[in-house]
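Structure record follows, encoded as structure tokens.
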Amino acid sequence: MAMNFDIPDITENGEKAAAGGQRRKPRRIGALRLGDTLRAVSRHYTATLENKDEDKEAEFYSLSEGEEKASFYGMDVSVTGICIRKKKVAAIYVEMPTKDRDDFIKKLEEAEGSAEHANNMDIFADTVTSIFITIPAKGDSSFTTALMDSAEVKALSDNEAIKAEEEAKKGGLRHRIWKTYFDPVGRISRKAYLPKMLMVGAPAAFLFALTCFKPELFVGETNFFIAAFLILGTLCFISLISLGMRRLSDIGKSHLYYWAFFALLFVIHQAGEEFLGSQLNATRLIAVIFMLVVILLAFIPGDPKRNKYGPVPKE
């Protein structure tokens, strides 16, 4: 259920988007109406808080134990959730089968005129009410439609995220890999960090384990294992540093903490060489400490609101 997809700001072209419209758009779907309070919604559904965006003063609720089906522009829809902003319903979310999307668009165009297209959505908007219809990905069995108060669209829109997504698409695969694994700028949530950390951390840990338990593989002239350790190990290490810096940004801590941590590792390495008997053992010790800290970052909650490093990650 996509209740927090990136909404483009339509306030500047709302009148253009509504050109050709024959009547005012409905502000109600079934028992729900834009502007209702959460208490009014609770008379018809059980509302469960799913997400909260403190920057936008918005709360997203899923709905259950109520009227499952409703009619919207003559089509059956499943009511799935609402967005509450400033104690009022700012958006109503419904889902429909993907196979019904073309018919739904035709009905809207007959009533409201041509749609605007932005950010993988079809938009029917005017200065009062806006309708956002997502374009389902290949294989999706349903799509989401949001009925929104146009006055709230600007507050809920995320043009920065939309612009970043468009730039990523234009940049190609290399750009996406860079932004995902090697760019230290911005924030990354715990949910998004964990799989990416495991993706690059697992090969690094495997290579490290080989150096501990099969050191003979890394002896002599350059071979496959030495080359893999130098190339893949270095890339994984750089990626873990970048991911860790973004995780620190999400927590709200300065990157100076990370560099202070590396300074501490250097001190431990120098002292460990004397106490552990060899430089190799000292290197292994700081590698273990580094990996433990990288894993620990996956369990520290992020800043619940926008900080100096950016907005709250959506993932």
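Starting from 1 in every chain, residues are counted up; chains themselves are A, B, ... following the order of the structure tokens, and ligands are numbered from 1 as listed.
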
Those of range 110-292 of chain A in DSSP alpha helix (DSSP H), formatted as an mmCIF file with N, CA and C atoms, in the first residue's frame:
```cif
data_model
loop_
_atom_site.group_PDB
_atom_site.id
_atom_site.type_symbol
_atom_site.label_atom_id
_atom_site.label_comp_id
_atom_site.auth_asym_id
_atom_site.auth_seq_id
_atom_site.Cartn_x
_atom_site.Cartn_y
_atom_site.Cartn_z
ATOM 1 N N GLU A 110 -13.241 11.708 -19.094
ATOM 2 C CA GLU A 110 -14.564 12.147 -19.541
ATOM 3 C C GLU A 110 -15.133 13.213 -18.611
ATOM 4 N N ALA A 111 -14.843 13.074 -17.322
ATOM 5 C CA ALA A 111 -15.404 14.002 -16.339
ATOM 6 C C ALA A 111 -14.512 15.206 -16.073
ATOM 7 N N GLU A 112 -13.188 15.009 -16.122
ATOM 8 C CA GLU A 112 -12.271 16.047 -15.653
ATOM 9 C C GLU A 112 -11.315 16.582 -16.714
ATOM 10 N N SER A 150 -6.114 19.954 -2.511
ATOM 11 C CA SER A 150 -5.047 20.643 -3.246
ATOM 12 C C SER A 150 -4.263 21.611 -2.369
ATOM 13 N N ALA A 151 -4.915 22.165 -1.360
ATOM 14 C CA ALA A 151 -4.214 23.082 -0.463
ATOM 15 C C ALA A 151 -3.130 22.364 0.334
ATOM 16 N N GLU A 152 -3.284 21.041 0.497
ATOM 17 C CA GLU A 152 -2.306 20.268 1.262
ATOM 18 C C GLU A 152 -1.233 19.651 0.375
ATOM 19 N N VAL A 153 -1.443 19.678 -0.942
ATOM 20 C CA VAL A 153 -0.502 19.012 -1.844
ATOM 21 C C VAL A 153 0.897 19.595 -1.724
ATOM 22 N N LYS A 154 0.991 20.920 -1.672
ATOM 23 C CA LYS A 154 2.308 21.553 -1.598
ATOM 24 C C LYS A 154 3.046 21.133 -0.334
ATOM 25 N N ALA A 155 2.313 21.042 0.775
ATOM 26 C CA ALA A 155 2.941 20.655 2.041
ATOM 27 C C ALA A 155 3.398 19.202 2.021
ATOM 28 N N LEU A 156 2.651 18.349 1.310
ATOM 29 C CA LEU A 156 2.969 16.926 1.290
ATOM 30 C C LEU A 156 3.876 16.529 0.133
ATOM 31 N N ASN A 159 9.395 17.460 -3.971
ATOM 32 C CA ASN A 159 10.025 17.702 -5.266
ATOM 33 C C ASN A 159 11.510 17.361 -5.264
ATOM 34 N N GLU A 160 12.154 17.459 -4.085
ATOM 35 C CA GLU A 160 13.569 17.090 -4.009
ATOM 36 C C GLU A 160 13.753 15.609 -4.314
ATOM 37 N N ALA A 161 12.892 14.782 -3.736
ATOM 38 C CA ALA A 161 12.984 13.340 -3.976
ATOM 39 C C ALA A 161 12.678 13.009 -5.427
ATOM 40 N N ILE A 162 11.701 13.713 -6.004
ATOM 41 C CA ILE A 162 11.342 13.474 -7.398
ATOM 42 C C ILE A 162 12.507 13.840 -8.313
ATOM 43 N N LYS A 163 13.122 14.986 -8.053
ATOM 44 C CA LYS A 163 14.252 15.428 -8.865
ATOM 45 C C LYS A 163 15.415 14.450 -8.759
ATOM 46 N N ALA A 164 15.675 13.973 -7.545
ATOM 47 C CA ALA A 164 16.766 13.013 -7.351
ATOM 48 C C ALA A 164 16.488 11.714 -8.093
ATOM 49 N N GLU A 165 15.227 11.280 -8.070
ATOM 50 C CA GLU A 165 14.864 10.042 -8.764
ATOM 51 C C GLU A 165 15.013 10.198 -10.271
ATOM 52 N N GLU A 166 14.609 11.348 -10.800
ATOM 53 C CA GLU A 166 14.734 11.589 -12.238
ATOM 54 C C GLU A 166 16.202 11.648 -12.655
ATOM 55 N N GLU A 167 17.039 12.276 -11.833
ATOM 56 C CA GLU A 167 18.469 12.343 -12.134
ATOM 57 C C GLU A 167 19.098 10.955 -12.108
ATOM 58 N N ALA A 168 18.640 10.128 -11.172
ATOM 59 C CA ALA A 168 19.173 8.768 -11.082
ATOM 60 C C ALA A 168 18.831 7.963 -12.333
ATOM 61 N N LYS A 169 17.606 8.145 -12.840
ATOM 62 C CA LYS A 169 17.198 7.430 -14.048
ATOM 63 C C LYS A 169 18.013 7.887 -15.256
ATOM 64 N N LYS A 170 18.266 9.186 -15.333
ATOM 65 C CA LYS A 170 19.038 9.717 -16.455
ATOM 66 C C LYS A 170 20.502 9.294 -16.366
ATOM 67 N N GLY A 171 20.998 9.130 -15.151
ATOM 68 C CA GLY A 171 22.410 8.836 -14.962
ATOM 69 C C GLY A 171 22.818 7.429 -15.348
ATOM 70 N N GLY A 172 21.871 6.513 -15.438
ATOM 71 C CA GLY A 172 22.195 5.151 -15.823
ATOM 72 C C GLY A 172 22.658 4.302 -14.653
ATOM 73 N N LEU A 173 23.127 3.099 -14.980
ATOM 74 C CA LEU A 173 23.483 2.112 -13.966
ATOM 75 C C LEU A 173 24.637 2.580 -13.085
ATOM 76 N N ARG A 174 25.672 3.152 -13.692
ATOM 77 C CA ARG A 174 26.825 3.589 -12.900
ATOM 78 C C ARG A 174 26.432 4.653 -11.881
ATOM 79 N N HIS A 175 25.551 5.557 -12.309
ATOM 80 C CA HIS A 175 25.103 6.609 -11.397
ATOM 81 C C HIS A 175 24.310 6.012 -10.236
ATOM 82 N N ARG A 176 23.449 5.025 -10.521
ATOM 83 C CA ARG A 176 22.651 4.396 -9.465
ATOM 84 C C ARG A 176 23.533 3.634 -8.483
ATOM 85 N N ILE A 177 24.553 2.950 -9.016
ATOM 86 C CA ILE A 177 25.476 2.225 -8.130
ATOM 87 C C ILE A 177 26.217 3.207 -7.228
ATOM 88 N N ARG A 190 17.633 2.802 8.710
ATOM 89 C CA ARG A 190 18.080 1.469 9.147
ATOM 90 C C ARG A 190 17.579 0.392 8.192
ATOM 91 N N LYS A 191 16.328 0.534 7.770
ATOM 92 C CA LYS A 191 15.727 -0.472 6.888
ATOM 93 C C LYS A 191 16.472 -0.572 5.567
ATOM 94 N N ALA A 192 16.879 0.571 5.009
ATOM 95 C CA ALA A 192 17.592 0.565 3.734
ATOM 96 C C ALA A 192 19.067 0.217 3.926
ATOM 97 N N TYR A 193 19.618 0.578 5.072
ATOM 98 C CA TYR A 193 21.043 0.360 5.337
ATOM 99 C C TYR A 193 21.384 -1.117 5.498
ATOM 100 N N LEU A 194 20.552 -1.847 6.213
ATOM 101 C CA LEU A 194 20.881 -3.230 6.564
ATOM 102 C C LEU A 194 21.156 -4.116 5.347
ATOM 103 N N PRO A 195 20.252 -4.190 4.346
ATOM 104 C CA PRO A 195 20.556 -5.064 3.200
ATOM 105 C C PRO A 195 21.762 -4.600 2.389
ATOM 106 N N LYS A 196 21.952 -3.290 2.280
ATOM 107 C CA LYS A 196 23.104 -2.781 1.526
ATOM 108 C C LYS A 196 24.400 -3.073 2.272
ATOM 109 N N MET A 197 24.363 -2.920 3.589
ATOM 110 C CA MET A 197 25.542 -3.229 4.392
ATOM 111 C C MET A 197 25.904 -4.707 4.273
ATOM 112 N N LEU A 198 24.898 -5.571 4.302
ATOM 113 C CA LEU A 198 25.152 -7.006 4.165
ATOM 114 C C LEU A 198 25.658 -7.347 2.762
ATOM 115 N N MET A 199 25.145 -6.633 1.763
ATOM 116 C CA MET A 199 25.548 -6.885 0.381
ATOM 117 C C MET A 199 27.046 -6.670 0.176
ATOM 118 N N VAL A 200 27.574 -5.611 0.768
ATOM 119 C CA VAL A 200 29.007 -5.327 0.600
ATOM 120 C C VAL A 200 29.834 -5.865 1.763
ATOM 121 N N GLY A 201 29.197 -6.049 2.917
ATOM 122 C CA GLY A 201 29.932 -6.536 4.076
ATOM 123 C C GLY A 201 30.224 -8.026 4.016
ATOM 124 N N ALA A 202 29.304 -8.797 3.425
ATOM 125 C CA ALA A 202 29.490 -10.248 3.358
ATOM 126 C C ALA A 202 30.733 -10.634 2.549
ATOM 127 N N PRO A 203 30.936 -10.080 1.333
ATOM 128 C CA PRO A 203 32.167 -10.415 0.600
ATOM 129 C C PRO A 203 33.429 -9.988 1.346
ATOM 130 N N ALA A 204 33.362 -8.808 1.986
ATOM 131 C CA ALA A 204 34.526 -8.333 2.730
ATOM 132 C C ALA A 204 34.834 -9.268 3.898
ATOM 133 N N ALA A 205 33.790 -9.706 4.603
ATOM 134 C CA ALA A 205 33.985 -10.616 5.732
ATOM 135 C C ALA A 205 34.522 -11.968 5.264
ATOM 136 N N PHE A 206 34.034 -12.428 4.107
ATOM 137 C CA PHE A 206 34.499 -13.709 3.567
ATOM 138 C C PHE A 206 35.988 -13.650 3.221
ATOM 139 N N LEU A 207 36.386 -12.570 2.550
ATOM 140 C CA LEU A 207 37.798 -12.418 2.197
ATOM 141 C C LEU A 207 38.662 -12.296 3.449
ATOM 142 N N PHE A 208 38.147 -11.581 4.444
ATOM 143 C CA PHE A 208 38.885 -11.441 5.698
ATOM 144 C C PHE A 208 39.052 -12.799 6.378
ATOM 145 N N ALA A 209 37.976 -13.612 6.354
ATOM 146 C CA ALA A 209 38.046 -14.942 6.967
ATOM 147 C C ALA A 209 39.078 -15.813 6.257
ATOM 148 N N LEU A 210 39.159 -15.682 4.934
ATOM 149 C CA LEU A 210 40.155 -16.460 4.188
ATOM 150 C C LEU A 210 41.574 -16.101 4.611
ATOM 151 N N THR A 211 41.817 -14.813 4.844
ATOM 152 C CA THR A 211 43.168 -14.407 5.257
ATOM 153 C C THR A 211 43.516 -14.973 6.635
ATOM 154 N N CYS A 212 42.484 -15.243 7.447
ATOM 155 C CA CYS A 212 42.725 -15.780 8.791
ATOM 156 C C CYS A 212 42.909 -17.295 8.781
ATOM 157 N N PHE A 213 42.049 -17.984 8.024
ATOM 158 C CA PHE A 213 42.042 -19.445 8.085
ATOM 159 C C PHE A 213 42.763 -20.119 6.919
ATOM 160 N N PHE A 224 44.727 -14.983 -8.007
ATOM 161 C CA PHE A 224 43.305 -14.610 -7.982
ATOM 162 C C PHE A 224 42.882 -14.095 -6.614
ATOM 163 N N PHE A 225 43.309 -14.762 -5.555
ATOM 164 C CA PHE A 225 42.875 -14.395 -4.205
ATOM 165 C C PHE A 225 43.460 -13.053 -3.776
ATOM 166 N N ILE A 226 44.708 -12.827 -4.116
ATOM 167 C CA ILE A 226 45.328 -11.544 -3.776
ATOM 168 C C ILE A 226 44.650 -10.409 -4.544
ATOM 169 N N ALA A 227 44.398 -10.642 -5.842
ATOM 170 C CA ALA A 227 43.742 -9.616 -6.660
ATOM 171 C C ALA A 227 42.330 -9.338 -6.154
ATOM 172 N N ALA A 228 41.601 -10.402 -5.796
ATOM 173 C CA ALA A 228 40.240 -10.232 -5.284
ATOM 174 C C ALA A 228 40.247 -9.450 -3.981
ATOM 175 N N PHE A 229 41.225 -9.757 -3.128
ATOM 176 C CA PHE A 229 41.309 -9.056 -1.849
ATOM 177 C C PHE A 229 41.606 -7.571 -2.059
ATOM 178 N N LEU A 230 42.516 -7.276 -2.986
ATOM 179 C CA LEU A 230 42.905 -5.886 -3.218
ATOM 180 C C LEU A 230 41.789 -5.085 -3.886
ATOM 181 N N ILE A 231 41.143 -5.674 -4.887
ATOM 182 C CA ILE A 231 40.133 -4.934 -5.654
ATOM 183 C C ILE A 231 38.773 -4.972 -4.961
ATOM 184 N N LEU A 232 38.241 -6.190 -4.776
ATOM 185 C CA LEU A 232 36.909 -6.314 -4.179
ATOM 186 C C LEU A 232 36.908 -5.842 -2.729
ATOM 187 N N GLY A 233 37.949 -6.205 -2.002
ATOM 188 C CA GLY A 233 38.031 -5.793 -0.601
ATOM 189 C C GLY A 233 38.063 -4.286 -0.448
ATOM 190 N N THR A 234 38.827 -3.619 -1.326
ATOM 191 C CA THR A 234 38.916 -2.155 -1.263
ATOM 192 C C THR A 234 37.572 -1.505 -1.586
ATOM 193 N N LEU A 235 36.895 -2.005 -2.629
ATOM 194 C CA LEU A 235 35.589 -1.454 -3.003
ATOM 195 C C LEU A 235 34.574 -1.637 -1.877
ATOM 196 N N CYS A 236 34.573 -2.819 -1.271
ATOM 197 C CA CYS A 236 33.641 -3.080 -0.172
ATOM 198 C C CYS A 236 33.939 -2.177 1.019
ATOM 199 N N PHE A 237 35.214 -1.982 1.302
ATOM 200 C CA PHE A 237 35.616 -1.137 2.424
ATOM 201 C C PHE A 237 35.169 0.307 2.204
ATOM 202 N N ILE A 238 35.390 0.823 0.991
ATOM 203 C CA ILE A 238 34.978 2.197 0.675
ATOM 204 C C ILE A 238 33.462 2.332 0.772
ATOM 205 N N SER A 239 32.745 1.317 0.270
ATOM 206 C CA SER A 239 31.282 1.354 0.319
ATOM 207 C C SER A 239 30.779 1.343 1.760
ATOM 208 N N LEU A 240 31.386 0.528 2.605
ATOM 209 C CA LEU A 240 30.972 0.475 4.008
ATOM 210 C C LEU A 240 31.216 1.807 4.709
ATOM 211 N N ILE A 241 32.304 2.476 4.348
ATOM 212 C CA ILE A 241 32.568 3.801 4.916
ATOM 213 C C ILE A 241 31.476 4.783 4.496
ATOM 214 N N SER A 242 31.130 4.772 3.202
ATOM 215 C CA SER A 242 30.115 5.697 2.691
ATOM 216 C C SER A 242 28.749 5.424 3.307
ATOM 217 N N LEU A 243 28.377 4.150 3.380
ATOM 218 C CA LEU A 243 27.094 3.792 3.992
ATOM 219 C C LEU A 243 27.068 4.189 5.464
ATOM 220 N N GLY A 244 28.194 3.980 6.142
ATOM 221 C CA GLY A 244 28.273 4.343 7.552
ATOM 222 C C GLY A 244 28.140 5.841 7.771
ATOM 223 N N MET A 245 28.721 6.629 6.876
ATOM 224 C CA MET A 245 28.620 8.081 7.002
ATOM 225 C C MET A 245 27.177 8.543 6.798
ATOM 226 N N ARG A 246 26.473 7.929 5.851
ATOM 227 C CA ARG A 246 25.061 8.281 5.645
ATOM 228 C C ARG A 246 24.204 7.846 6.827
ATOM 229 N N ARG A 247 24.572 6.721 7.444
ATOM 230 C CA ARG A 247 23.847 6.271 8.633
ATOM 231 C C ARG A 247 24.064 7.242 9.790
ATOM 232 N N LEU A 248 25.296 7.732 9.934
ATOM 233 C CA LEU A 248 25.575 8.737 10.955
ATOM 234 C C LEU A 248 24.768 10.006 10.692
ATOM 235 N N SER A 249 24.671 10.384 9.418
ATOM 236 C CA SER A 249 23.887 11.566 9.057
ATOM 237 C C SER A 249 22.426 11.372 9.439
ATOM 238 N N ASP A 250 21.913 10.159 9.224
ATOM 239 C CA ASP A 250 20.523 9.880 9.576
ATOM 240 C C ASP A 250 20.318 9.957 11.083
ATOM 241 N N ILE A 251 21.317 9.520 11.835
ATOM 242 C CA ILE A 251 21.239 9.587 13.296
ATOM 243 C C ILE A 251 21.342 11.031 13.775
ATOM 244 N N LEU A 256 32.537 13.867 11.654
ATOM 245 C CA LEU A 256 33.770 13.898 12.445
ATOM 246 C C LEU A 256 33.838 12.702 13.400
ATOM 247 N N TYR A 257 32.672 12.205 13.814
ATOM 248 C CA TYR A 257 32.660 11.020 14.670
ATOM 249 C C TYR A 257 33.288 9.833 13.952
ATOM 250 N N TYR A 258 33.014 9.737 12.652
ATOM 251 C CA TYR A 258 33.547 8.618 11.873
ATOM 252 C C TYR A 258 35.060 8.711 11.768
ATOM 253 N N TRP A 259 35.541 9.932 11.479
ATOM 254 C CA TRP A 259 36.989 10.094 11.348
ATOM 255 C C TRP A 259 37.678 9.943 12.704
ATOM 256 N N ALA A 260 37.010 10.337 13.767
ATOM 257 C CA ALA A 260 37.564 10.108 15.108
ATOM 258 C C ALA A 260 37.652 8.608 15.391
ATOM 259 N N PHE A 261 36.665 7.869 14.904
ATOM 260 C CA PHE A 261 36.675 6.414 15.061
ATOM 261 C C PHE A 261 37.870 5.801 14.331
ATOM 262 N N PHE A 262 38.158 6.291 13.122
ATOM 263 C CA PHE A 262 39.309 5.763 12.382
ATOM 264 C C PHE A 262 40.625 6.137 13.061
ATOM 265 N N ALA A 263 40.662 7.316 13.664
ATOM 266 C CA ALA A 263 41.859 7.702 14.419
ATOM 267 C C ALA A 263 42.058 6.750 15.600
ATOM 268 N N LEU A 264 40.947 6.376 16.241
ATOM 269 C CA LEU A 264 41.021 5.425 17.350
ATOM 270 C C LEU A 264 41.501 4.061 16.861
ATOM 271 N N LEU A 265 41.012 3.637 15.695
ATOM 272 C CA LEU A 265 41.470 2.364 15.131
ATOM 273 C C LEU A 265 42.975 2.393 14.869
ATOM 274 N N PHE A 266 43.464 3.535 14.404
ATOM 275 C CA PHE A 266 44.903 3.657 14.142
ATOM 276 C C PHE A 266 45.701 3.503 15.437
ATOM 277 N N VAL A 267 45.200 4.138 16.500
ATOM 278 C CA VAL A 267 45.877 4.031 17.797
ATOM 279 C C VAL A 267 45.857 2.585 18.284
ATOM 280 N N ILE A 268 44.692 1.926 18.139
ATOM 281 C CA ILE A 268 44.576 0.523 18.556
ATOM 282 C C ILE A 268 45.526 -0.350 17.752
ATOM 283 N N HIS A 269 45.648 -0.049 16.459
ATOM 284 C CA HIS A 269 46.536 -0.829 15.597
ATOM 285 C C HIS A 269 47.989 -0.696 16.050
ATOM 286 N N GLN A 270 48.392 0.526 16.356
ATOM 287 C CA GLN A 270 49.770 0.746 16.773
ATOM 288 C C GLN A 270 50.055 0.078 18.116
ATOM 289 N N ALA A 271 49.099 0.206 19.043
ATOM 290 C CA ALA A 271 49.286 -0.413 20.356
ATOM 291 C C ALA A 271 49.144 -1.927 20.267
ATOM 292 N N GLY A 272 48.215 -2.378 19.432
ATOM 293 C CA GLY A 272 47.974 -3.810 19.305
ATOM 294 C C GLY A 272 49.143 -4.558 18.721
ATOM 295 N N GLU A 273 49.889 -3.898 17.842
ATOM 296 C CA GLU A 273 51.058 -4.547 17.240
ATOM 297 C C GLU A 273 52.063 -4.952 18.307
ATOM 298 N N GLU A 274 52.183 -4.119 19.328
ATOM 299 C CA GLU A 274 53.132 -4.410 20.404
ATOM 300 C C GLU A 274 52.611 -5.511 21.318
ATOM 301 N N PHE A 275 51.302 -5.464 21.644
ATOM 302 C CA PHE A 275 50.752 -6.423 22.602
ATOM 303 C C PHE A 275 50.380 -7.762 21.970
ATOM 304 N N LEU A 276 50.017 -7.745 20.676
ATOM 305 C CA LEU A 276 49.585 -8.978 20.016
ATOM 306 C C LEU A 276 50.717 -9.697 19.301
ATOM 307 N N GLN A 279 52.025 -7.277 13.363
ATOM 308 C CA GLN A 279 51.187 -6.288 12.692
ATOM 309 C C GLN A 279 49.940 -6.939 12.104
ATOM 310 N N LEU A 280 50.075 -8.193 11.659
ATOM 311 C CA LEU A 280 48.945 -8.904 11.069
ATOM 312 C C LEU A 280 47.825 -9.102 12.082
ATOM 313 N N ASN A 281 48.176 -9.513 13.296
ATOM 314 C CA ASN A 281 47.155 -9.711 14.331
ATOM 315 C C ASN A 281 46.480 -8.396 14.710
ATOM 316 N N ALA A 282 47.265 -7.312 14.733
ATOM 317 C CA ALA A 282 46.693 -5.998 15.043
ATOM 318 C C ALA A 282 45.725 -5.568 13.951
ATOM 319 N N THR A 283 46.069 -5.853 12.696
ATOM 320 C CA THR A 283 45.190 -5.509 11.571
ATOM 321 C C THR A 283 43.891 -6.298 11.652
ATOM 322 N N ARG A 284 44.004 -7.571 12.010
ATOM 323 C CA ARG A 284 42.802 -8.399 12.153
ATOM 324 C C ARG A 284 41.900 -7.864 13.269
ATOM 325 N N LEU A 285 42.504 -7.398 14.346
ATOM 326 C CA LEU A 285 41.726 -6.873 15.467
ATOM 327 C C LEU A 285 40.918 -5.646 15.060
ATOM 328 N N ILE A 286 41.556 -4.694 14.385
ATOM 329 C CA ILE A 286 40.819 -3.478 14.023
ATOM 330 C C ILE A 286 39.783 -3.772 12.939
ATOM 331 N N ALA A 287 40.026 -4.796 12.100
ATOM 332 C CA ALA A 287 39.029 -5.181 11.097
ATOM 333 C C ALA A 287 37.767 -5.700 11.780
ATOM 334 N N VAL A 288 37.950 -6.489 12.839
ATOM 335 C CA VAL A 288 36.801 -7.008 13.590
ATOM 336 C C VAL A 288 36.050 -5.860 14.263
ATOM 337 N N ILE A 289 36.787 -4.930 14.865
ATOM 338 C CA ILE A 289 36.149 -3.777 15.518
ATOM 339 C C ILE A 289 35.363 -2.957 14.498
ATOM 340 N N PHE A 290 35.960 -2.732 13.330
ATOM 341 C CA PHE A 290 35.294 -1.961 12.278
ATOM 342 C C PHE A 290 33.982 -2.621 11.862
ATOM 343 N N MET A 291 34.005 -3.939 11.639
ATOM 344 C CA MET A 291 32.799 -4.643 11.208
ATOM 345 C C MET A 291 31.724 -4.621 12.292
ATOM 346 N N LEU A 292 32.132 -4.709 13.552
ATOM 347 C CA LEU A 292 31.153 -4.655 14.644
ATOM 348 C C LEU A 292 30.457 -3.294 14.699
#
```

Selection near range 140-144 of chain A, 9 Å with only C-alpha atoms, sequence-local residues under 5 positions removed, as a list of chain:residue names: A:Met1, A:Ala2, A:Met3, A:Tyr93, A:Val94, A:Glu95, A:Met96, A:Pro97, A:Thr98, A:Lys99, A:Asp100, A:Arg101, A:Phe132, A:Ile133, A:Thr134, A:Ile135

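Put simply, CA of Tyr45 in chain A is 22.1 Å away from CA of Glu57 in chain A.
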
Strand (DSSP E) positions in range 54-283 of chain A, given as a PyMOL selection string: chain A and resi 58-64+69-72+75-85+88-97+116-118+121-125+129-134+142-149

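Closest approach to Leu147 in chain A among A:Arg28, A:Lys86, A:His255, A:His44: A:Arg28, based on only C-alpha atoms.
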
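From CA of Phe124 in chain A back to CA of Asp36 in chain A, the distance works out to 21.7 Å.
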
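A straight line drawn from CA of Lys107 in chain A to CA of Phe72 in chain A is 10.0 Å long.
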
Pick from A:Asn307, A:Thr37, A:Asn120, A:Thr80 nearest to Gly252 in chain A, counting only C-alpha atoms: A:Asn307

Minimum-distance residue to Tyr309 in chain A, chosen among A:Leu34, A:Asn223, A:Arg43, A:Arg187 (using only C-alpha atoms): A:Arg187
